[in-house]
file target-v3.pdb (PDB, C-alpha atoms)
ATOM      1  CA  MET K   1     161.247 174.259 189.572
ATOM      2  CA  SER K   2     160.478 170.589 189.920
ATOM      3  CA  ASN K   3     161.478 168.975 193.174
ATOM      4  CA  TRP K   4     163.365 166.023 191.734
ATOM      5  CA  ILE K   5     166.436 168.163 191.331
ATOM      6  CA  PRO K   6     168.630 167.668 194.394
ATOM      7  CA  LEU K   7     168.944 170.549 196.778
ATOM      8  CA  TRP K   8     172.671 170.958 196.245
ATOM      9  CA  VAL K   9     172.162 171.587 192.534
ATOM     10  CA  HIS K  10     169.793 174.378 193.476
ATOM     11  CA  LYS K  11     172.250 175.845 195.896
ATOM     12  CA  LEU K  12     175.193 175.544 193.536
ATOM     13  CA  SER K  13     173.386 177.219 190.689
ATOM     14  CA  SER K  14     172.865 180.409 192.668
ATOM     15  CA  PRO K  15     175.370 182.945 191.297
ATOM     16  CA  PRO K  16     177.356 183.747 194.484
ATOM     17  CA  ASN K  17     177.700 180.049 195.347
ATOM     18  CA  PHE K  18     178.765 179.073 191.882
ATOM     19  CA  TYR K  19     181.186 182.003 191.772
ATOM     20  CA  ARG K  20     182.895 180.683 194.883
ATOM     21  CA  PHE K  21     182.789 177.042 193.745
ATOM     22  CA  ALA K  22     184.299 177.932 190.353
ATOM     23  CA  GLY K  23     186.977 179.978 192.098
ATOM     24  CA  VAL K  24     188.039 176.919 194.097
ATOM     25  CA  VAL K  25     187.956 174.471 191.168
ATOM     26  CA  ARG K  26     189.639 176.682 188.574
ATOM     27  CA  PRO K  27     193.265 176.722 189.804
ATOM     28  CA  TRP K  28     193.207 172.918 190.185
ATOM     29  CA  ALA K  29     191.824 172.471 186.691
ATOM     30  CA  LEU K  30     194.445 174.786 185.239
ATOM     31  CA  GLY K  31     197.213 173.082 187.204
ATOM     32  CA  LEU K  32     196.164 169.654 185.934
ATOM     33  CA  ALA K  33     195.889 171.007 182.393
ATOM     34  CA  LEU K  34     199.426 172.419 182.506
ATOM     35  CA  LEU K  35     200.874 169.300 184.105
ATOM     36  CA  LEU K  36     199.181 166.852 181.718
ATOM     37  CA  GLY K  37     199.933 169.159 178.787
ATOM     38  CA  ALA K  38     203.637 169.230 179.655
ATOM     39  CA  VAL K  39     203.767 165.440 180.018
ATOM     40  CA  ALA K  40     201.914 164.996 176.714
ATOM     41  CA  LEU K  41     204.240 167.387 174.882
ATOM     42  CA  TYR K  42     207.293 165.605 176.220
ATOM     43  CA  GLY K  43     205.857 162.258 175.196
ATOM     44  CA  GLY K  44     204.761 163.512 171.795
ATOM     45  CA  LEU K  45     207.666 165.703 170.776
ATOM     46  CA  VAL K  46     210.584 163.890 172.415
ATOM     47  CA  LEU K  47     209.760 160.278 173.301
ATOM     48  CA  ALA K  48     207.524 159.217 170.426
ATOM     49  CA  PRO K  49     209.411 158.019 167.338
ATOM     50  CA  ALA K  50     209.050 159.671 163.948
ATOM     51  CA  ASP K  51     206.358 158.283 161.675
ATOM     52  CA  TYR K  52     207.597 155.935 158.963
ATOM     53  CA  GLN K  53     205.614 157.766 156.265
ATOM     54  CA  GLN K  54     205.270 161.327 157.521
ATOM     55  CA  GLY K  55     208.545 161.769 159.398
ATOM     56  CA  ASP K  56     208.321 164.366 162.148
ATOM     57  CA  ALA K  57     205.515 166.341 160.495
ATOM     58  CA  TYR K  58     202.976 163.990 162.047
ATOM     59  CA  ARG K  59     203.802 165.468 165.495
ATOM     60  CA  ILE K  60     201.207 168.152 164.772
ATOM     61  CA  ILE K  61     198.688 165.393 165.583
ATOM     62  CA  PHE K  62     199.301 165.873 169.327
ATOM     63  CA  ILE K  63     197.591 169.259 169.233
ATOM     64  CA  HIS K  64     195.497 168.989 166.072
ATOM     65  CA  VAL K  65     193.434 165.975 167.094
ATOM     66  CA  PRO K  66     192.786 166.916 170.760
ATOM     67  CA  CYS K  67     191.717 170.400 169.641
ATOM     68  CA  ALA K  68     189.422 168.900 167.004
ATOM     69  CA  TRP K  69     187.830 166.662 169.650
ATOM     70  CA  MET K  70     187.398 169.676 171.904
ATOM     71  CA  GLY K  71     185.754 171.669 169.113
ATOM     72  CA  LEU K  72     183.036 169.014 168.981
ATOM     73  CA  PHE K  73     182.887 168.365 172.723
ATOM     74  CA  VAL K  74     182.507 172.049 173.595
ATOM     75  CA  TYR K  75     179.794 172.349 170.953
ATOM     76  CA  GLY K  76     177.919 169.510 172.635
ATOM     77  CA  VAL K  77     178.190 171.188 176.047
ATOM     78  CA  MET K  78     177.086 174.494 174.542
ATOM     79  CA  ALA K  79     174.058 172.921 172.857
ATOM     80  CA  ILE K  80     172.981 171.039 176.019
ATOM     81  CA  ALA K  81     173.404 174.141 178.192
ATOM     82  CA  SER K  82     171.474 176.146 175.582
ATOM     83  CA  PHE K  83     168.642 173.627 175.704
ATOM     84  CA  ILE K  84     168.536 173.757 179.512
ATOM     85  CA  SER K  85     168.585 177.553 179.484
ATOM     86  CA  LEU K  86     165.680 177.711 177.025
ATOM     87  CA  VAL K  87     163.541 175.111 178.768
ATOM     88  CA  TRP K  88     164.162 175.899 182.433
ATOM     89  CA  ARG K  89     165.410 179.492 182.143
ATOM     90  CA  ILE K  90     168.382 178.835 184.396
ATOM     91  CA  LYS K  91     170.701 181.814 184.291
ATOM     92  CA  LEU K  92     173.792 179.727 184.979
ATOM     93  CA  ALA K  93     173.092 177.406 182.022
ATOM     94  CA  GLU K  94     172.774 180.443 179.816
ATOM     95  CA  VAL K  95     176.142 181.773 180.968
ATOM     96  CA  VAL K  96     177.803 178.369 180.487
ATOM     97  CA  ALA K  97     176.409 178.122 176.935
ATOM     98  CA  MET K  98     177.425 181.620 175.911
ATOM     99  CA  GLU K  99     180.887 181.454 177.467
ATOM    100  CA  SER K 100     181.576 178.041 175.900
ATOM    101  CA  ALA K 101     181.270 179.539 172.428
ATOM    102  CA  PRO K 102     184.539 181.547 172.394
ATOM    103  CA  ILE K 103     186.487 178.583 173.821
ATOM    104  CA  GLY K 104     185.031 176.229 171.216
ATOM    105  CA  ALA K 105     185.810 178.774 168.524
ATOM    106  CA  ALA K 106     189.412 178.966 169.778
ATOM    107  CA  PHE K 107     189.803 175.175 169.622
ATOM    108  CA  THR K 108     188.208 174.988 166.174
ATOM    109  CA  PHE K 109     190.435 177.791 164.910
ATOM    110  CA  ILE K 110     193.525 175.965 166.198
ATOM    111  CA  THR K 111     192.294 172.775 164.501
ATOM    112  CA  LEU K 112     191.939 174.519 161.156
ATOM    113  CA  VAL K 113     195.293 176.314 161.325
ATOM    114  CA  THR K 114     197.294 173.313 162.544
ATOM    115  CA  GLY K 115     195.520 171.136 159.976
ATOM    116  CA  SER K 116     196.532 173.570 157.282
ATOM    117  CA  LEU K 117     200.134 173.544 158.511
ATOM    118  CA  TRP K 118     200.032 169.761 158.417
ATOM    119  CA  GLY K 119     198.314 169.585 155.035
ATOM    120  CA  LYS K 120     200.870 171.708 153.210
ATOM    121  CA  PRO K 121     203.832 169.314 153.542
ATOM    122  CA  MET K 122     201.720 166.119 153.373
ATOM    123  CA  TRP K 123     199.086 166.883 150.721
ATOM    124  CA  GLY K 124     200.854 169.777 149.020
ATOM    125  CA  THR K 125     198.075 172.241 149.739
ATOM    126  CA  TRP K 126     197.067 174.532 152.605
ATOM    127  CA  TRP K 127     193.391 174.057 151.977
ATOM    128  CA  THR K 128     190.980 171.953 149.979
ATOM    129  CA  TRP K 129     187.182 171.969 149.941
ATOM    130  CA  ASP K 130     186.775 168.414 151.074
ATOM    131  CA  ALA K 131     184.046 167.215 153.417
ATOM    132  CA  ARG K 132     186.032 167.156 156.663
ATOM    133  CA  LEU K 133     187.677 170.542 156.175
ATOM    134  CA  THR K 134     184.505 172.226 154.973
ATOM    135  CA  SER K 135     182.342 170.905 157.815
ATOM    136  CA  GLU K 136     185.017 171.973 160.309
ATOM    137  CA  LEU K 137     184.949 175.471 158.806
ATOM    138  CA  VAL K 138     181.151 175.456 159.145
ATOM    139  CA  LEU K 139     181.671 174.549 162.814
ATOM    140  CA  LEU K 140     183.846 177.655 163.269
ATOM    141  CA  PHE K 141     181.207 179.807 161.550
ATOM    142  CA  LEU K 142     178.517 178.349 163.833
ATOM    143  CA  TYR K 143     180.560 179.330 166.884
ATOM    144  CA  LEU K 144     181.136 182.814 165.452
ATOM    145  CA  GLY K 145     177.427 183.050 164.648
ATOM    146  CA  VAL K 146     176.485 182.192 168.227
ATOM    147  CA  ILE K 147     178.955 184.770 169.589
ATOM    148  CA  GLY K 148     177.790 187.427 167.121
ATOM    149  CA  LEU K 149     174.095 186.842 167.728
ATOM    150  CA  TYR K 150     174.612 186.959 171.493
ATOM    151  CA  HIS K 151     176.294 190.351 171.285
ATOM    152  CA  SER K 152     173.956 191.861 168.682
ATOM    153  CA  PHE K 153     171.070 192.363 171.102
ATOM    154  CA  GLU K 154     170.762 195.325 173.433
ATOM    155  CA  ASP K 155     169.281 193.037 176.077
ATOM    156  CA  ARG K 156     171.788 190.408 177.076
ATOM    157  CA  ARG K 157     169.288 187.719 177.990
ATOM    158  CA  GLN K 158     167.331 188.171 174.774
ATOM    159  CA  GLY K 159     170.577 187.786 172.853
ATOM    160  CA  ALA K 160     171.396 184.646 174.792
ATOM    161  CA  ARG K 161     168.007 183.168 173.925
ATOM    162  CA  ALA K 162     168.432 183.804 170.195
ATOM    163  CA  ALA K 163     172.001 182.467 170.253
ATOM    164  CA  ALA K 164     170.865 179.372 172.171
ATOM    165  CA  PHE K 165     168.431 178.558 169.353
ATOM    166  CA  LEU K 166     171.212 178.804 166.803
ATOM    167  CA  ALA K 167     173.471 176.613 168.961
ATOM    168  CA  ILE K 168     170.790 173.891 169.172
ATOM    169  CA  ILE K 169     170.048 173.943 165.440
ATOM    170  CA  GLY K 170     173.746 173.844 164.616
ATOM    171  CA  ILE K 171     174.273 170.576 166.506
ATOM    172  CA  ILE K 172     173.340 168.853 163.206
ATOM    173  CA  ASN K 173     176.842 169.737 162.041
ATOM    174  CA  VAL K 174     178.591 167.810 164.820
ATOM    175  CA  PRO K 175     177.915 164.274 163.457
ATOM    176  CA  ILE K 176     178.618 165.588 159.966
ATOM    177  CA  VAL K 177     182.106 166.671 161.048
ATOM    178  CA  HIS K 178     182.704 163.390 162.835
ATOM    179  CA  PHE K 179     181.510 161.009 160.137
ATOM    180  CA  SER K 180     182.563 163.072 157.118
ATOM    181  CA  VAL K 181     185.686 160.952 156.636
ATOM    182  CA  ASN K 182     183.525 157.813 156.417
ATOM    183  CA  TRP K 183     180.601 159.201 154.421
ATOM    184  CA  TRP K 184     182.585 160.930 151.721
ATOM    185  CA  ASN K 185     185.757 160.135 149.931
ATOM    186  CA  THR K 186     188.044 162.773 151.372
ATOM    187  CA  LEU K 187     191.671 163.793 151.280
ATOM    188  CA  HIS K 188     191.627 163.877 155.076
ATOM    189  CA  GLN K 189     192.710 160.609 156.631
ATOM    190  CA  GLY K 190     190.213 158.451 158.516
ATOM    191  CA  SER K 191     189.941 158.215 162.289
ATOM    192  CA  THR K 192     193.174 157.209 163.937
ATOM    193  CA  VAL K 193     191.824 156.586 167.407
ATOM    194  CA  ARG K 194     188.667 154.530 167.586
ATOM    195  CA  ILE K 195     186.522 153.830 170.586
ATOM    196  CA  LEU K 196     185.191 150.619 169.064
ATOM    197  CA  GLY K 197     187.903 148.356 167.801
ATOM    198  CA  PRO K 198     191.656 148.766 167.926
ATOM    199  CA  SER K 199     193.187 152.161 167.212
ATOM    200  CA  ARG K 200     195.414 152.496 164.175
ATOM    201  CA  ILE K 201     198.300 153.967 166.098
ATOM    202  CA  SER K 202     201.156 152.566 168.142
ATOM    203  CA  GLY K 203     201.167 152.859 171.921
ATOM    204  CA  ASP K 204     204.039 155.330 172.229
ATOM    205  CA  MET K 205     202.122 157.728 169.983
ATOM    206  CA  LEU K 206     198.721 156.996 171.499
ATOM    207  CA  TRP K 207     199.417 157.836 175.141
ATOM    208  CA  PRO K 208     200.641 161.421 174.513
ATOM    209  CA  LEU K 209     197.560 161.959 172.355
ATOM    210  CA  LEU K 210     195.192 160.749 175.070
ATOM    211  CA  THR K 211     197.067 162.690 177.754
ATOM    212  CA  MET K 212     196.693 165.853 175.685
ATOM    213  CA  MET K 213     192.993 165.091 175.352
ATOM    214  CA  PHE K 214     192.657 165.163 179.148
ATOM    215  CA  ALA K 215     194.817 168.304 179.324
ATOM    216  CA  THR K 216     192.513 170.134 176.908
ATOM    217  CA  LYS K 217     189.449 168.955 178.854
ATOM    218  CA  PHE K 218     190.859 170.424 182.059
ATOM    219  CA  TYR K 219     191.886 173.563 180.222
ATOM    220  CA  TYR K 220     188.299 173.964 179.017
ATOM    221  CA  LEU K 221     187.046 173.624 182.583
ATOM    222  CA  ALA K 222     189.508 176.252 183.846
ATOM    223  CA  SER K 223     188.813 178.687 181.024
ATOM    224  CA  LEU K 224     185.048 178.194 181.229
ATOM    225  CA  PHE K 225     184.940 178.766 184.982
ATOM    226  CA  GLY K 226     187.037 181.931 184.663
ATOM    227  CA  ARG K 227     184.683 183.231 182.017
ATOM    228  CA  VAL K 228     181.563 182.274 183.956
ATOM    229  CA  ARG K 229     182.884 184.061 187.040
ATOM    230  CA  THR K 230     183.535 187.206 185.022
ATOM    231  CA  ASP K 231     180.057 187.033 183.532
ATOM    232  CA  LEU K 232     178.323 186.445 186.838
ATOM    233  CA  LEU K 233     180.007 189.533 188.299
ATOM    234  CA  ALA K 234     178.895 191.602 185.308
ATOM    235  CA  MET K 235     175.321 190.276 185.365
ATOM    236  CA  GLU K 236     174.864 190.727 189.096
ATOM    237  CA  SER K 237     176.766 194.003 189.455
ATOM    238  CA  GLY K 238     173.868 195.592 191.317
ATOM    239  CA  LYS K 239     173.807 192.859 193.972
ATOM    240  CA  ASP K 240     175.387 193.112 197.354
ATOM    241  CA  TRP K 241     177.782 190.162 197.017
ATOM    242  CA  VAL K 242     179.350 191.664 193.886
ATOM    243  CA  ARG K 243     179.712 195.066 195.531
ATOM    244  CA  GLN K 244     181.523 193.438 198.399
ATOM    245  CA  ILE K 245     183.946 191.775 196.004
ATOM    246  CA  ALA K 246     184.491 195.054 194.154
ATOM    247  CA  GLN K 247     185.310 196.836 197.397
ATOM    248  CA  GLY K 248     187.586 194.086 198.562
ATOM    249  CA  ARG K 249     185.766 193.223 201.752
ATOM    250  CA  ALA K 250     184.206 190.009 200.627
ATOM    251  CA  ALA K 251     183.724 186.699 202.340
ATOM    252  CA  VAL K 252     185.042 185.066 199.155
ATOM    253  CA  PRO K 253     188.533 183.623 198.652
ATOM    254  CA  GLU K 254     191.217 186.039 199.784
ATOM    255  CA  GLN K 255     193.053 186.396 196.504
ATOM    256  CA  GLU K 256     189.886 187.927 195.032
ATOM    257  CA  ALA K 257     189.894 190.580 197.683
ATOM    258  CA  ARG K 258     193.453 191.596 197.000
ATOM    259  CA  ARG K 259     192.913 192.204 193.300
TER     260      ARG K 259
ATOM    261  CA  MET O 260     217.121 155.764 170.429
ATOM    262  CA  SER O 261     219.966 158.188 169.761
ATOM    263  CA  PRO O 262     220.944 160.617 172.533
ATOM    264  CA  PHE O 263     218.923 163.816 172.686
ATOM    265  CA  SER O 264     220.276 166.776 170.756
ATOM    266  CA  TRP O 265     218.659 170.200 170.609
ATOM    267  CA  ASP O 266     219.611 170.795 166.981
ATOM    268  CA  HIS O 267     218.048 167.541 165.945
ATOM    269  CA  PHE O 268     214.965 168.235 168.065
ATOM    270  CA  LEU O 269     214.440 171.763 166.726
ATOM    271  CA  ALA O 270     214.953 170.648 163.115
ATOM    272  CA  MET O 271     211.932 168.291 163.384
ATOM    273  CA  GLY O 272     213.285 166.145 160.568
ATOM    274  CA  GLY O 273     213.081 169.073 158.153
ATOM    275  CA  TYR O 274     209.485 169.961 159.064
ATOM    276  CA  ALA O 275     210.341 172.678 161.612
ATOM    277  CA  ALA O 276     208.629 175.345 159.475
ATOM    278  CA  TYR O 277     205.313 173.505 159.914
ATOM    279  CA  VAL O 278     205.511 171.872 163.320
ATOM    280  CA  TRP O 279     206.661 174.866 165.378
ATOM    281  CA  PRO O 280     204.206 177.405 163.955
ATOM    282  CA  ALA O 281     201.424 174.893 164.688
ATOM    283  CA  TYR O 282     202.499 174.700 168.329
ATOM    284  CA  ALA O 283     202.916 178.487 168.485
ATOM    285  CA  VAL O 284     199.331 179.012 167.283
ATOM    286  CA  PHE O 285     198.097 176.507 169.861
ATOM    287  CA  PHE O 286     199.776 178.362 172.737
ATOM    288  CA  ILE O 287     199.058 181.911 171.575
ATOM    289  CA  VAL O 288     195.360 181.272 170.979
ATOM    290  CA  LEU O 289     194.859 179.509 174.327
ATOM    291  CA  VAL O 290     196.762 182.171 176.290
ATOM    292  CA  ALA O 291     194.652 184.878 174.639
ATOM    293  CA  ASP O 292     191.522 182.885 175.470
ATOM    294  CA  TYR O 293     192.592 182.604 179.096
ATOM    295  CA  VAL O 294     193.702 186.208 179.612
ATOM    296  CA  SER O 295     190.830 188.048 177.915
ATOM    297  CA  PRO O 296     188.124 187.324 180.535
ATOM    298  CA  ALA O 297     190.541 188.272 183.332
ATOM    299  CA  LEU O 298     191.051 191.691 181.733
ATOM    300  CA  ARG O 299     187.301 192.084 181.224
ATOM    301  CA  ARG O 300     186.748 191.226 184.873
ATOM    302  CA  ARG O 301     189.287 193.803 186.077
ATOM    303  CA  ARG O 302     187.653 196.494 183.938
ATOM    304  CA  ASN O 303     184.160 195.603 185.211
ATOM    305  CA  LEU O 304     185.233 195.727 188.838
ATOM    306  CA  ARG O 305     186.986 199.073 188.348
ATOM    307  CA  GLU O 306     183.847 200.539 186.787
ATOM    308  CA  LEU O 307     181.738 199.149 189.601
ATOM    309  CA  ARG O 308     184.036 200.696 192.226
ATOM    310  CA  GLY O 309     183.695 204.056 190.418
ATOM    311  CA  ARG O 310     179.926 203.715 190.434
ATOM    312  CA  ILE O 311     179.866 202.917 194.154
ATOM    313  CA  ALA O 312     182.143 205.885 194.914
ATOM    314  CA  ARG O 313     179.967 208.298 192.913
ATOM    315  CA  GLN O 314     176.900 207.001 194.673
ATOM    316  CA  ALA O 315     178.552 207.600 198.068
ATOM    317  CA  VAL O 316     179.426 211.191 197.107
ATOM    318  CA  ARG O 317     175.858 211.836 195.965
ATOM    319  CA  GLN O 318     174.519 210.499 199.203
ATOM    320  CA  GLN O 319     176.819 212.737 201.274
ATOM    321  CA  ARG O 320     175.703 215.861 199.419
ATOM    322  CA  ASN O 321     172.055 215.006 199.555
ATOM    323  CA  PRO O 322     171.374 212.584 202.395
ATOM    324  CA  THR O 323     167.583 212.436 201.823
ATOM    325  CA  SER O 324     167.785 211.083 198.285
ATOM    326  CA  PRO O 325     168.205 207.295 197.844
TER     327      PRO O 325
END

call {"tool": "encode", "arguments": {"input": "target-v3.pdb", "output": "structure tokens"}}
result
Amino acid sequence: MSNWIPLWVHKLSSPPNFYRFAGVVRPWALGLALLLGAVALYGGLVLAPADYQQGDAYRIIFIHVPCAWMGLFVYGVMAIASFISLVWRIKLAEVVAMESAPIGAAFTFITLVTGSLWGKPMWGTWWTWDARLTSELVLLFLYLGVIGLYHSFEDRRQGARAAAFLAIIGIINVPIVHFSVNWWNTLHQGSTVRILGPSRISGDMLWPLLTMMFATKFYYLASLFGRVRTDLLAMESGKDWVRQIAQGRAAVPEQEARR
Amino acid sequence: MSPFSWDHFLAMGGYAAYVWPAYAVFFIVLVADYVSPALRRRRNLRELRGRIARQAVRQQRNPTSP
């Protein structure tokens, strides 16, 4: 590999090193996710006032919108990792891409279900084929396609390569989901929180929303690292460092050894 | 703001049937997402331990084979 990549990246991307690194980071990420999530829920469900139009039904926003953001964010990570895995054949990038897919699918599924539960009382329907909802459903199918393609090959790495292609092609859908409310006349409301220009939401509703966004980011990190660790053990099961972990006499964190 | 009451909180202004299921889905899906790789990992390690044990037995019976 080219020599402009710092040495520590090289070292970190070796499976036993990354396994250990992820094992250290993961409990902190989960702890932060739970803490921020609890604060956000308190702020959103208890402190924030009811909406003047939607009453208390709008409180679904505190999970619906962060999960929708994560559906797109995780797709971006998956597509970038897929690209890296195809170009440089880095095993770790491949694992990150393939293990991001189920998490992204989970977030997208939550977005669709909570959106449906929000749509029924506000629009009078569980589902409508409008641009935002349809492109979000396509996003879920893309995730499921990546997962399915990955598992449909006998050879794991061949499956990962095929699925990585699909992930990269599917990135076209990400801006479509994001801009659908501007490009088409939809039933779905426009963006509430905007990076450019003032957000159309009051402060006591905005901060729980942003806090939940950070909580879901940390959750993604924790879940991803857990999944990557599991995958690395499975992929390297013939190697010495994995055998040591299996037999509980490893030089890795103690709680691993006890399991 | 009026003092906190559980009944009022749980009623969600009449939208309890929509708000609480939404939160339930959020938690159930994320817990499932978090637990499933841990179970997979346990199963993999158990299988690997079995494989190592079988290999050790084979080696004891027939020390010349690899």

call {"tool": "interface_residues", "arguments": {"input": "target-v3.pdb", "of": "chain K", "to": "chain O", "cutoff": "6 Å", "atoms": "all atoms listed in the file", "output": "list of chain:residue names"}}
result
K:Asp56, K:Ala57, K:Ile60, K:Ile110, K:Thr114, K:Leu117, K:Ser223, K:Arg227, K:Thr230, K:Ala246

call {"tool": "resolve_selection", "arguments": {"input": "target-v3.pdb", "expression": "the PyMOL selection byres ((chain K and resi 74-85) around 8)", "output": "list of chain:residue names"}}
result
K:Met70, K:Gly71, K:Leu72, K:Phe73, K:Leu86, K:Val87, K:Trp88, K:Arg89, K:Ile90, K:Lys91, K:Leu92, K:Ala93, K:Glu94, K:Val96, K:Ala97, K:Met98, K:Ser100, K:Ala101, K:Ile103, K:Gly104, K:Arg161, K:Ala164, K:Phe165, K:Ala167, K:Ile168, K:Ile171, K:Val174

call {"tool": "closest_residue", "arguments": {"input": "target-v3.pdb", "among": "K:Trp123, K:Phe62, K:Tyr143, K:Trp184", "to": "Ala40 (chain K)", "atoms": "all atoms listed in the file"}}
result
K:Phe62

call {"tool": "residues_around", "arguments": {"input": "target-v3.pdb", "residues": "region 128-133 of chain K", "least_positions_apart": "4", "cutoff": "7 Å", "atoms": "all atoms listed in the file", "output": "list in words"}}
result
Leu137, Val177, Ser180, Val181, Trp184, Thr186, Leu187 and His188 of chain K

call {"tool": "atom_distance", "arguments": {"input": "target-v3.pdb", "atom1": "CA of Tyr219 (chain K)", "atom2": "CA of Leu30 (chain K)"}}
result
5.8 Å

call {"tool": "residues_around", "arguments": {"input": "target-v3.pdb", "residues": "region 66-69 of chain K", "least_positions_apart": "3", "cutoff": "6 Å", "atoms": "only C-alpha atoms", "output": "VMD selection string"}}
result
chain K and resid 63 72 107 111 213
